[in-house]
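One structure is given below, encoded as structure tokens.
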Amino acid sequence: MTLETTTHSSSDIPPPPIENNGNNKKKVNRSISFYSDETRNRLERLRQHRFHPTNLPDSPDFGTNQHMKINEELKQQLKDIVSQFNAPVKYAFAYGSGVFQQSGYDKQRKPMVDFIFGVSHPEHWHALNMQQNPHHYSSVRLLGSRAISLLQEKVGAGVYFNPYVNVNGMNIKYGVVSIDNLCTDLIDWNTLYLAGRMHKPVKILRDDARVRLANQVNLTEAVRVALLTLPEKFTEEELYCRIAGISYKGDFRMIVGENPNKVQNIVSTQMDNFQRLYLSLLNDLPNVATLGNGKLQQSDNPKFRGLMVKKLPKTLYDKVLRVHRTHASRNNVAIPDDMRLVYEQIAQSPGLKHYIDKALTEIIAKVALTQSIKGIFTAGPVKTIRYTGEKLGKWWQAKK
């Protein structure tokens, strides 16, 4: 599925890092026995409990819930755009109001279409892309591909954006991220910049098995976080709004720059897509029951809720535990020695939603700010002013 790198003679282009392809025969054998006996036994137990095939890693249907249906003509246009890049794109998706309808947007005006490209070696990728598409970059390109890859990887959320680029007659913005950083964010929520974006429907244009697995973990984690902040009984729409809103906690753009009704606008017009993403995951949870008419009920059993706390993504888990310990210390609340009881104590705490919201804000706020500041340099002053003006215009229109 990946694009082949075309041969270039320029000595300025660094080669991709050499991968250890030592023993090909070994690699093939390893792929055949990818799962250990213990893992295969666990998967078999899941099948016996009638787990949905989209949630079983060894099923051919695994992760198909991540693939959204859109207009065929638009889908082909989007795929053709990715194919225009000579530099190899391993994973790609398009997102936003340019792909999925959102209420509150003028249907007559065509919005910029947003893309994310997952690549193996950012420095090599930018070197190739700058040779093919130097006009996509600001004057930062003069520093070379190494400087650009360092700016991408070390500042903000690990993404490098080129906005207001015309490809095949379509106005696009594309972000470049390493596959390693993307998968880490999906599993650990270390920035929630792309993990949070992928909590919402996206159109996958080029798939990758490693990202698919990491994103299935990401979606499951989003469900757990939402459930921990919801009452015993709730509606599907409340659940999806809670999930869609996770990545906006602490994001300064929600105060000035983004439509304040953004979350509701996303969910209200995309219920079918949210159901495709999450219903199979919900159906496999033993502590959630469907009541009908879009209503759900979760068990308030401390054991179940404690397990969800235990399985929070690493970065969020660490911060929630720290916030809880600080709260307990200030209020002379004894913390058990047994971690299982600590999880249950957190799960039953009336301050749990506050713990989670505070932890999410800590993760997101700094990254959102530094990524936006980085955008001033990567986009250049003219494109930055244009982008900011359009965002403020939408924000002001929504406030009226």
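Scheme for the structure tokens: letters A, B, ... for chains in order shown; per-chain residue numbers from 1; ligand numbers from 1 in order shown.
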Please build the interface table for range 241-324 of chain A against range 55-65 of chain A with a cut-off of 9 Å, listing for each qualifying residue the nearest atom pair and the distance in Å to one decimal; count only C-alpha atoms, order rows by chain and increasing number, and write it as a tab-separated table.
```
residue	atom	partner	partner_atom	distance
A:Gln275	CA	A:Asn65	CA	9.0
A:Arg276	CA	A:Asn65	CA	5.5
A:Leu277	CA	A:Asn65	CA	5.0
A:Tyr278	CA	A:Asn65	CA	7.6
A:Leu279	CA	A:Asn65	CA	8.9
A:Ser280	CA	A:Asn55	CA	7.6
A:Leu281	CA	A:Asn55	CA	7.1
A:Asp284	CA	A:Asn55	CA	8.5
```
Store the residues picked out above in a file with N, CA, C and O atoms, as a PDB file, in the first residue's frame.
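Final output, saved to result-v6.pdb:
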```
ATOM      1  N   GLN A 275     -21.429   5.563  15.725  1.00  0.00           N
ATOM      2  CA  GLN A 275     -21.920   4.219  16.036  1.00  0.00           C
ATOM      3  C   GLN A 275     -21.035   3.155  15.397  1.00  0.00           C
ATOM      4  O   GLN A 275     -20.750   2.125  16.010  1.00  0.00           O
ATOM      5  N   ARG A 276     -20.622   3.410  14.163  1.00  0.00           N
ATOM      6  CA  ARG A 276     -19.734   2.453  13.493  1.00  0.00           C
ATOM      7  C   ARG A 276     -18.418   2.310  14.264  1.00  0.00           C
ATOM      8  O   ARG A 276     -17.895   1.198  14.434  1.00  0.00           O
ATOM      9  N   LEU A 277     -17.888   3.422  14.752  1.00  0.00           N
ATOM     10  CA  LEU A 277     -16.624   3.402  15.492  1.00  0.00           C
ATOM     11  C   LEU A 277     -16.739   2.652  16.813  1.00  0.00           C
ATOM     12  O   LEU A 277     -15.855   1.870  17.173  1.00  0.00           O
ATOM     13  N   TYR A 278     -17.844   2.887  17.543  1.00  0.00           N
ATOM     14  CA  TYR A 278     -17.854   2.515  18.963  1.00  0.00           C
ATOM     15  C   TYR A 278     -18.849   1.423  19.378  1.00  0.00           C
ATOM     16  O   TYR A 278     -18.655   0.832  20.441  1.00  0.00           O
ATOM     17  N   LEU A 279     -19.885   1.144  18.592  1.00  0.00           N
ATOM     18  CA  LEU A 279     -20.899   0.196  19.075  1.00  0.00           C
ATOM     19  C   LEU A 279     -20.333  -1.198  19.330  1.00  0.00           C
ATOM     20  O   LEU A 279     -20.686  -1.851  20.315  1.00  0.00           O
ATOM     21  N   SER A 280     -19.462  -1.674  18.443  1.00  0.00           N
ATOM     22  CA  SER A 280     -18.894  -3.016  18.655  1.00  0.00           C
ATOM     23  C   SER A 280     -18.048  -3.056  19.924  1.00  0.00           C
ATOM     24  O   SER A 280     -18.017  -4.067  20.637  1.00  0.00           O
ATOM     25  N   LEU A 281     -17.363  -1.951  20.233  1.00  0.00           N
ATOM     26  CA  LEU A 281     -16.573  -1.884  21.467  1.00  0.00           C
ATOM     27  C   LEU A 281     -17.479  -1.880  22.692  1.00  0.00           C
ATOM     28  O   LEU A 281     -17.207  -2.558  23.687  1.00  0.00           O
ATOM     29  N   ASP A 284     -19.033  -5.267  23.561  1.00  0.00           N
ATOM     30  CA  ASP A 284     -18.132  -6.253  24.160  1.00  0.00           C
ATOM     31  C   ASP A 284     -17.776  -5.939  25.609  1.00  0.00           C
ATOM     32  O   ASP A 284     -17.071  -6.720  26.252  1.00  0.00           O
TER      33      ASP A 284
END
```
Need to verify the contact set: Ile187 in chain A, 12 Å, only C-alpha atoms, exclusion of same-chain residues closer than 6 positions in sequence. Can you return it as a compact mmCIF listing (two decimals) with all heavy atoms, in the first residue's frame?
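The result, written out as out.txt:
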```
# COMPACT_ATOMS: atom_id res chain seq x y z
N ASP A 180 6.07 5.95 14.49
CA ASP A 180 6.40 5.67 15.90
C ASP A 180 5.68 6.64 16.83
O ASP A 180 5.07 6.22 17.83
CB ASP A 180 7.91 5.77 16.13
CG ASP A 180 8.67 4.60 15.53
OD1 ASP A 180 8.03 3.59 15.20
OD2 ASP A 180 9.90 4.70 15.38
N ASN A 181 5.77 7.94 16.54
CA ASN A 181 5.11 8.94 17.39
C ASN A 181 3.60 8.79 17.37
O ASN A 181 2.93 8.97 18.39
CB ASN A 181 5.50 10.35 16.95
CG ASN A 181 6.82 10.79 17.53
OD1 ASN A 181 7.35 10.16 18.44
ND2 ASN A 181 7.37 11.88 17.02
N LEU A 194 -3.08 13.73 18.05
CA LEU A 194 -3.64 12.90 16.99
C LEU A 194 -4.54 11.80 17.56
O LEU A 194 -5.53 11.42 16.94
CB LEU A 194 -2.52 12.30 16.14
CG LEU A 194 -1.76 13.32 15.29
CD1 LEU A 194 -0.66 12.64 14.48
CD2 LEU A 194 -2.70 14.08 14.35
N ALA A 195 -4.20 11.29 18.73
CA ALA A 195 -5.07 10.28 19.37
C ALA A 195 -6.47 10.86 19.56
O ALA A 195 -7.47 10.20 19.30
CB ALA A 195 -4.48 9.86 20.71
N GLY A 196 -6.54 12.12 20.01
CA GLY A 196 -7.83 12.77 20.20
C GLY A 196 -8.54 13.04 18.88
O GLY A 196 -9.76 12.91 18.79
N MET A 198 -8.37 11.17 16.34
CA MET A 198 -8.85 9.87 15.86
C MET A 198 -9.91 9.26 16.77
O MET A 198 -10.41 8.16 16.50
CB MET A 198 -7.66 8.93 15.65
CG MET A 198 -6.76 9.42 14.53
SD MET A 198 -5.22 8.49 14.31
CE MET A 198 -5.83 6.99 13.54
N ARG A 210 -0.01 -1.82 12.12
CA ARG A 210 0.44 -1.37 13.44
C ARG A 210 -0.41 -0.20 13.94
O ARG A 210 -0.80 -0.16 15.10
CB ARG A 210 1.91 -0.95 13.35
CG ARG A 210 2.53 -0.52 14.66
CD ARG A 210 3.98 -0.15 14.45
NE ARG A 210 4.49 0.63 15.56
CZ ARG A 210 5.55 1.41 15.49
NH1 ARG A 210 6.21 1.52 14.36
NH2 ARG A 210 5.96 2.08 16.55
N VAL A 211 -0.71 0.73 13.06
CA VAL A 211 -1.54 1.88 13.45
C VAL A 211 -2.96 1.42 13.75
O VAL A 211 -3.60 1.90 14.69
CB VAL A 211 -1.53 2.96 12.35
CG1 VAL A 211 -2.43 4.13 12.76
CG2 VAL A 211 -0.12 3.45 12.07
N ARG A 212 -3.46 0.48 12.96
CA ARG A 212 -4.82 -0.03 13.17
C ARG A 212 -4.97 -0.62 14.57
O ARG A 212 -5.95 -0.36 15.28
CB ARG A 212 -5.16 -1.08 12.12
CG ARG A 212 -6.63 -1.52 12.12
CD ARG A 212 -6.87 -2.71 11.19
NE ARG A 212 -6.14 -2.56 9.96
CZ ARG A 212 -5.42 -3.53 9.40
NH1 ARG A 212 -5.34 -4.72 9.98
NH2 ARG A 212 -4.79 -3.33 8.27
N LEU A 213 -3.97 -1.42 14.98
CA LEU A 213 -3.99 -2.02 16.31
C LEU A 213 -3.91 -0.94 17.39
O LEU A 213 -4.69 -0.95 18.36
CB LEU A 213 -2.84 -3.01 16.45
CG LEU A 213 -2.68 -3.69 17.81
CD1 LEU A 213 -3.92 -4.48 18.18
CD2 LEU A 213 -1.45 -4.61 17.81
N ALA A 214 -2.98 0.00 17.21
CA ALA A 214 -2.83 1.08 18.21
C ALA A 214 -4.09 1.92 18.30
O ALA A 214 -4.49 2.33 19.40
CB ALA A 214 -1.64 1.96 17.83
N ASN A 215 -4.75 2.16 17.18
CA ASN A 215 -5.95 2.99 17.21
C ASN A 215 -7.12 2.25 17.85
O ASN A 215 -7.98 2.87 18.50
CB ASN A 215 -6.34 3.46 15.81
CG ASN A 215 -7.38 4.56 15.85
OD1 ASN A 215 -7.38 5.40 16.76
ND2 ASN A 215 -8.29 4.57 14.89
N GLN A 216 -7.18 0.94 17.69
CA GLN A 216 -8.25 0.18 18.36
C GLN A 216 -8.09 0.29 19.87
O GLN A 216 -9.07 0.40 20.61
CB GLN A 216 -8.24 -1.27 17.89
CG GLN A 216 -9.56 -2.01 18.09
CD GLN A 216 -10.65 -1.56 17.13
OE1 GLN A 216 -10.52 -0.57 16.41
NE2 GLN A 216 -11.75 -2.27 17.10
N VAL A 217 -6.84 0.27 20.33
CA VAL A 217 -6.56 0.51 21.76
C VAL A 217 -7.01 1.92 22.14
O VAL A 217 -7.66 2.13 23.18
CB VAL A 217 -5.05 0.34 22.06
CG1 VAL A 217 -4.72 0.76 23.49
CG2 VAL A 217 -4.61 -1.10 21.81
N ASN A 218 -6.68 2.89 21.31
CA ASN A 218 -7.04 4.29 21.55
C ASN A 218 -8.56 4.47 21.68
O ASN A 218 -9.04 5.16 22.59
CB ASN A 218 -6.51 5.13 20.38
CG ASN A 218 -6.89 6.59 20.45
OD1 ASN A 218 -6.81 7.21 21.51
ND2 ASN A 218 -7.32 7.15 19.33
N LEU A 219 -9.31 3.85 20.79
CA LEU A 219 -10.78 3.98 20.82
C LEU A 219 -11.35 3.33 22.08
O LEU A 219 -12.28 3.87 22.70
CB LEU A 219 -11.39 3.33 19.57
CG LEU A 219 -11.00 3.96 18.22
CD1 LEU A 219 -11.57 3.14 17.07
CD2 LEU A 219 -11.48 5.39 18.13
N THR A 220 -10.80 2.19 22.46
CA THR A 220 -11.25 1.50 23.68
C THR A 220 -10.97 2.36 24.91
O THR A 220 -11.81 2.47 25.82
CB THR A 220 -10.54 0.13 23.82
OG1 THR A 220 -10.75 -0.63 22.63
CG2 THR A 220 -11.07 -0.64 25.01
N GLU A 221 -9.79 2.98 24.93
CA GLU A 221 -9.44 3.85 26.06
C GLU A 221 -10.38 5.06 26.13
O GLU A 221 -10.75 5.50 27.23
CB GLU A 221 -7.98 4.30 25.91
CG GLU A 221 -6.99 3.17 26.13
CD GLU A 221 -5.56 3.55 25.78
OE1 GLU A 221 -5.35 4.49 25.00
OE2 GLU A 221 -4.65 2.88 26.31
N ALA A 222 -10.76 5.59 24.98
CA ALA A 222 -11.68 6.74 24.96
C ALA A 222 -13.03 6.36 25.56
O ALA A 222 -13.64 7.15 26.29
CB ALA A 222 -11.85 7.24 23.52
N LYS A 311 -6.87 0.52 33.70
CA LYS A 311 -6.54 0.40 32.28
C LYS A 311 -6.50 1.74 31.55
O LYS A 311 -6.46 1.78 30.32
CB LYS A 311 -7.57 -0.52 31.61
CG LYS A 311 -7.46 -1.97 32.06
CD LYS A 311 -8.51 -2.84 31.40
CE LYS A 311 -8.38 -4.29 31.85
NZ LYS A 311 -9.40 -5.16 31.21
N LEU A 312 -6.49 2.84 32.29
CA LEU A 312 -6.36 4.15 31.65
C LEU A 312 -5.04 4.22 30.89
O LEU A 312 -4.05 3.60 31.30
CB LEU A 312 -6.41 5.27 32.69
CG LEU A 312 -7.76 5.56 33.35
CD1 LEU A 312 -7.59 6.58 34.47
CD2 LEU A 312 -8.78 6.05 32.33
N PRO A 313 -4.98 4.98 29.78
CA PRO A 313 -3.70 5.13 29.06
C PRO A 313 -2.63 5.69 29.98
O PRO A 313 -2.91 6.50 30.86
CB PRO A 313 -4.04 6.08 27.91
CG PRO A 313 -5.37 6.67 28.24
CD PRO A 313 -6.07 5.73 29.14
N LYS A 314 -1.39 5.29 29.75
CA LYS A 314 -0.29 5.51 30.68
C LYS A 314 -0.18 6.96 31.18
O LYS A 314 -0.10 7.20 32.39
CB LYS A 314 1.03 5.08 30.04
CG LYS A 314 2.24 5.23 30.95
CD LYS A 314 3.51 4.81 30.27
CE LYS A 314 4.70 4.91 31.21
NZ LYS A 314 4.90 6.27 31.76
N THR A 315 -0.15 7.92 30.26
CA THR A 315 0.05 9.31 30.67
C THR A 315 -1.11 9.80 31.54
O THR A 315 -0.90 10.46 32.56
CB THR A 315 0.20 10.22 29.44
OG1 THR A 315 1.19 9.66 28.57
CG2 THR A 315 0.61 11.63 29.82
N LEU A 316 -2.32 9.46 31.15
CA LEU A 316 -3.50 9.87 31.91
C LEU A 316 -3.53 9.14 33.25
O LEU A 316 -3.83 9.75 34.30
CB LEU A 316 -4.77 9.57 31.11
CG LEU A 316 -6.09 10.01 31.74
CD1 LEU A 316 -6.15 11.53 31.91
CD2 LEU A 316 -7.28 9.53 30.91
N TYR A 317 -3.21 7.86 33.25
CA TYR A 317 -3.18 7.05 34.47
C TYR A 317 -2.25 7.68 35.51
O TYR A 317 -2.62 7.87 36.67
CB TYR A 317 -2.71 5.63 34.11
CG TYR A 317 -2.38 4.74 35.27
CD1 TYR A 317 -3.34 3.90 35.84
CD2 TYR A 317 -1.08 4.68 35.80
CE1 TYR A 317 -3.03 3.06 36.90
CE2 TYR A 317 -0.77 3.85 36.85
CZ TYR A 317 -1.74 3.03 37.41
OH TYR A 317 -1.43 2.21 38.45
```
At a cut-off of 8 Å, using only C-alpha atoms, what residues contact range 155-169 of chain A? Leave out same-chain residues fewer than 2 positions from it and give the result as number ranges by chain. A: 81, 84, 112, 136-137, 150-153, 171-178, 181, 191, 193, 367-372, 374-375, 378-379, 383
At what distance in Å, to one decimal, does CA of Pro134 in chain A lie from CA of Gly118 in chain A?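 Between these atoms lies a distance of 19.6 Å.
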Quick one: residues within 8 Å of Ile148 in chain A, only C-alpha atoms, excluding same-chain residues fewer than 5 positions away - as a list in words?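 Here the qualifying residues turn out to be Glu123, His126, Val140, Arg141 and Leu143 of chain A.
The space separating CA of Ile179 in chain A from CA of Asn129 in chain A comes to 17.2 Å.
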Mind listing the alpha helix (DSSP H) residues of range 165-217 of chain A, per DSSP on the backbone, as a list of chain:residue names?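 So the alpha helix (DSSP H) residues in range 165-217 of chain A would be A:Ile179, A:Asp180, A:Asn181, A:Leu182, A:Cys183, A:Thr184, A:Asp185, A:Leu186, A:Ile187, A:Asp188, A:Tyr193, A:Leu194, A:Ala195, A:Gly196, A:Arg197, A:Ala209, A:Arg210, A:Val211, A:Arg212, A:Leu213, A:Ala214, A:Asn215, A:Gln216, A:Val217.
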Can you list, as a list in words, every residue of range 236-352 of chain A that DSSP puts in strand (DSSP E)?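 Taking range 236-352 of chain A and keeping strand (DSSP E) only, one gets Val288, Ala289, Thr290, Leu291, Gly292, Lys295, Leu296, Gln297 and Gln298 of chain A.
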Write the residues of the selection above to a file with N, CA, C and O atoms, as a PDB file, in the first residue's frame.
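Result file part_30.pdb:
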```
ATOM      1  N   VAL A 288     -21.601  -2.682  30.463  1.00  0.00           N
ATOM      2  CA  VAL A 288     -22.484  -1.736  29.772  1.00  0.00           C
ATOM      3  C   VAL A 288     -23.633  -2.504  29.125  1.00  0.00           C
ATOM      4  O   VAL A 288     -23.423  -3.519  28.460  1.00  0.00           O
ATOM      5  N   ALA A 289     -24.852  -2.007  29.322  1.00  0.00           N
ATOM      6  CA  ALA A 289     -26.040  -2.638  28.744  1.00  0.00           C
ATOM      7  C   ALA A 289     -26.821  -1.618  27.924  1.00  0.00           C
ATOM      8  O   ALA A 289     -26.880  -0.438  28.283  1.00  0.00           O
ATOM      9  N   THR A 290     -27.408  -2.089  26.820  1.00  0.00           N
ATOM     10  CA  THR A 290     -28.242  -1.234  25.973  1.00  0.00           C
ATOM     11  C   THR A 290     -29.690  -1.311  26.453  1.00  0.00           C
ATOM     12  O   THR A 290     -30.243  -2.409  26.600  1.00  0.00           O
ATOM     13  N   LEU A 291     -30.292  -0.156  26.684  1.00  0.00           N
ATOM     14  CA  LEU A 291     -31.674  -0.115  27.181  1.00  0.00           C
ATOM     15  C   LEU A 291     -32.677   0.127  26.058  1.00  0.00           C
ATOM     16  O   LEU A 291     -33.879  -0.024  26.261  1.00  0.00           O
ATOM     17  N   GLY A 292     -32.197   0.509  24.880  1.00  0.00           N
ATOM     18  CA  GLY A 292     -33.089   0.829  23.766  1.00  0.00           C
ATOM     19  C   GLY A 292     -33.308   2.325  23.643  1.00  0.00           C
ATOM     20  O   GLY A 292     -33.073   3.098  24.588  1.00  0.00           O
ATOM     21  N   LYS A 295     -30.484   4.699  24.655  1.00  0.00           N
ATOM     22  CA  LYS A 295     -30.112   4.828  26.067  1.00  0.00           C
ATOM     23  C   LYS A 295     -29.265   3.651  26.502  1.00  0.00           C
ATOM     24  O   LYS A 295     -29.472   2.517  26.078  1.00  0.00           O
ATOM     25  N   LEU A 296     -28.303   3.931  27.376  1.00  0.00           N
ATOM     26  CA  LEU A 296     -27.375   2.914  27.868  1.00  0.00           C
ATOM     27  C   LEU A 296     -27.281   2.971  29.384  1.00  0.00           C
ATOM     28  O   LEU A 296     -27.611   3.995  29.997  1.00  0.00           O
ATOM     29  N   GLN A 297     -26.826   1.880  29.956  1.00  0.00           N
ATOM     30  CA  GLN A 297     -26.639   1.830  31.410  1.00  0.00           C
ATOM     31  C   GLN A 297     -25.333   1.105  31.707  1.00  0.00           C
ATOM     32  O   GLN A 297     -25.018   0.094  31.085  1.00  0.00           O
ATOM     33  N   GLN A 298     -24.551   1.668  32.630  1.00  0.00           N
ATOM     34  CA  GLN A 298     -23.313   1.010  33.036  1.00  0.00           C
ATOM     35  C   GLN A 298     -23.397   0.591  34.495  1.00  0.00           C
ATOM     36  O   GLN A 298     -24.116   1.189  35.301  1.00  0.00           O
TER      37      GLN A 298
END
```
Pick from A:Arg146, A:Lys69, A:His135, A:Lys249 nearest to Leu360 in chain A, counting only C-alpha atoms: A:Lys249
Residues within 8 Å of Gly306 in chain A, please, as a VMD selection string. Count only C-alpha atoms; anything in the same chain fewer than 4 positions from it doesn't count. chain A and resid 302 310 340 to 341 343 to 347
Set the distance at 10 Å and use only C-alpha atoms: which residues neighbour Ile266 in chain A once local chain neighbours fewer than 4 positions away are removed? I'd like the list as a PyMOL selection string. chain A and resi 96-97+100-104+200-201+240-241+244-245+261-262+270-271+274
Record the distance separating CA of Thr235 in chain A and CA of Leu192 in chain A, expressed in Å with one decimal.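 Separation of CA of Thr235 in chain A and CA of Leu192 in chain A: 24.8 Å.
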Contacts of Tyr91 in chain A at 6 Å (only C-alpha atoms; same-chain gap of 4+ positions) as a list of chain:residue names: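 Here the qualifying residues turn out to be A:Phe117, A:Gly118, A:Arg206, A:Asp207, A:Asp208.
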Would you write out those residues with all heavy atoms, as an mmCIF file, in the first residue's frame?
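out-v1.cif written:
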```cif
data_model
loop_
_atom_site.group_PDB
_atom_site.id
_atom_site.type_symbol
_atom_site.label_atom_id
_atom_site.label_comp_id
_atom_site.auth_asym_id
_atom_site.auth_seq_id
_atom_site.Cartn_x
_atom_site.Cartn_y
_atom_site.Cartn_z
ATOM 1 N N PHE A 117 -0.356 12.388 7.243
ATOM 2 C CA PHE A 117 0.468 11.370 6.601
ATOM 3 C C PHE A 117 1.389 10.753 7.655
ATOM 4 O O PHE A 117 2.192 11.455 8.283
ATOM 5 C CB PHE A 117 1.342 11.979 5.499
ATOM 6 C CG PHE A 117 0.581 12.574 4.334
ATOM 7 C CD1 PHE A 117 1.189 13.492 3.489
ATOM 8 C CD2 PHE A 117 -0.731 12.215 4.069
ATOM 9 C CE1 PHE A 117 0.508 14.049 2.416
ATOM 10 C CE2 PHE A 117 -1.435 12.761 2.997
ATOM 11 C CZ PHE A 117 -0.807 13.685 2.164
ATOM 12 N N GLY A 118 1.274 9.447 7.848
ATOM 13 C CA GLY A 118 2.187 8.731 8.724
ATOM 14 C C GLY A 118 3.358 8.207 7.894
ATOM 15 O O GLY A 118 3.146 7.505 6.896
ATOM 16 N N ARG A 206 -5.047 5.142 3.472
ATOM 17 C CA ARG A 206 -3.972 4.165 3.352
ATOM 18 C C ARG A 206 -3.757 3.582 4.740
ATOM 19 O O ARG A 206 -3.444 4.299 5.677
ATOM 20 C CB ARG A 206 -2.710 4.849 2.838
ATOM 21 C CG ARG A 206 -1.606 3.898 2.471
ATOM 22 C CD ARG A 206 -0.570 4.589 1.620
ATOM 23 N NE ARG A 206 -1.134 4.961 0.317
ATOM 24 C CZ ARG A 206 -0.469 5.656 -0.599
ATOM 25 N NH1 ARG A 206 0.734 6.089 -0.332
ATOM 26 N NH2 ARG A 206 -1.025 5.940 -1.762
ATOM 27 N N ASP A 207 -3.967 2.280 4.882
ATOM 28 C CA ASP A 207 -3.974 1.660 6.209
ATOM 29 C C ASP A 207 -2.642 0.990 6.525
ATOM 30 O O ASP A 207 -1.850 0.682 5.633
ATOM 31 C CB ASP A 207 -5.110 0.640 6.292
ATOM 32 C CG ASP A 207 -5.612 0.437 7.712
ATOM 33 O OD1 ASP A 207 -5.003 1.004 8.648
ATOM 34 O OD2 ASP A 207 -6.613 -0.282 7.912
ATOM 35 N N ASP A 208 -2.415 0.788 7.808
ATOM 36 C CA ASP A 208 -1.198 0.140 8.302
ATOM 37 C C ASP A 208 -1.584 -0.692 9.516
ATOM 38 O O ASP A 208 -2.280 -0.206 10.413
ATOM 39 C CB ASP A 208 -0.162 1.204 8.680
ATOM 40 C CG ASP A 208 1.080 0.605 9.306
ATOM 41 O OD1 ASP A 208 1.939 0.109 8.555
ATOM 42 O OD2 ASP A 208 1.193 0.641 10.554
#
```
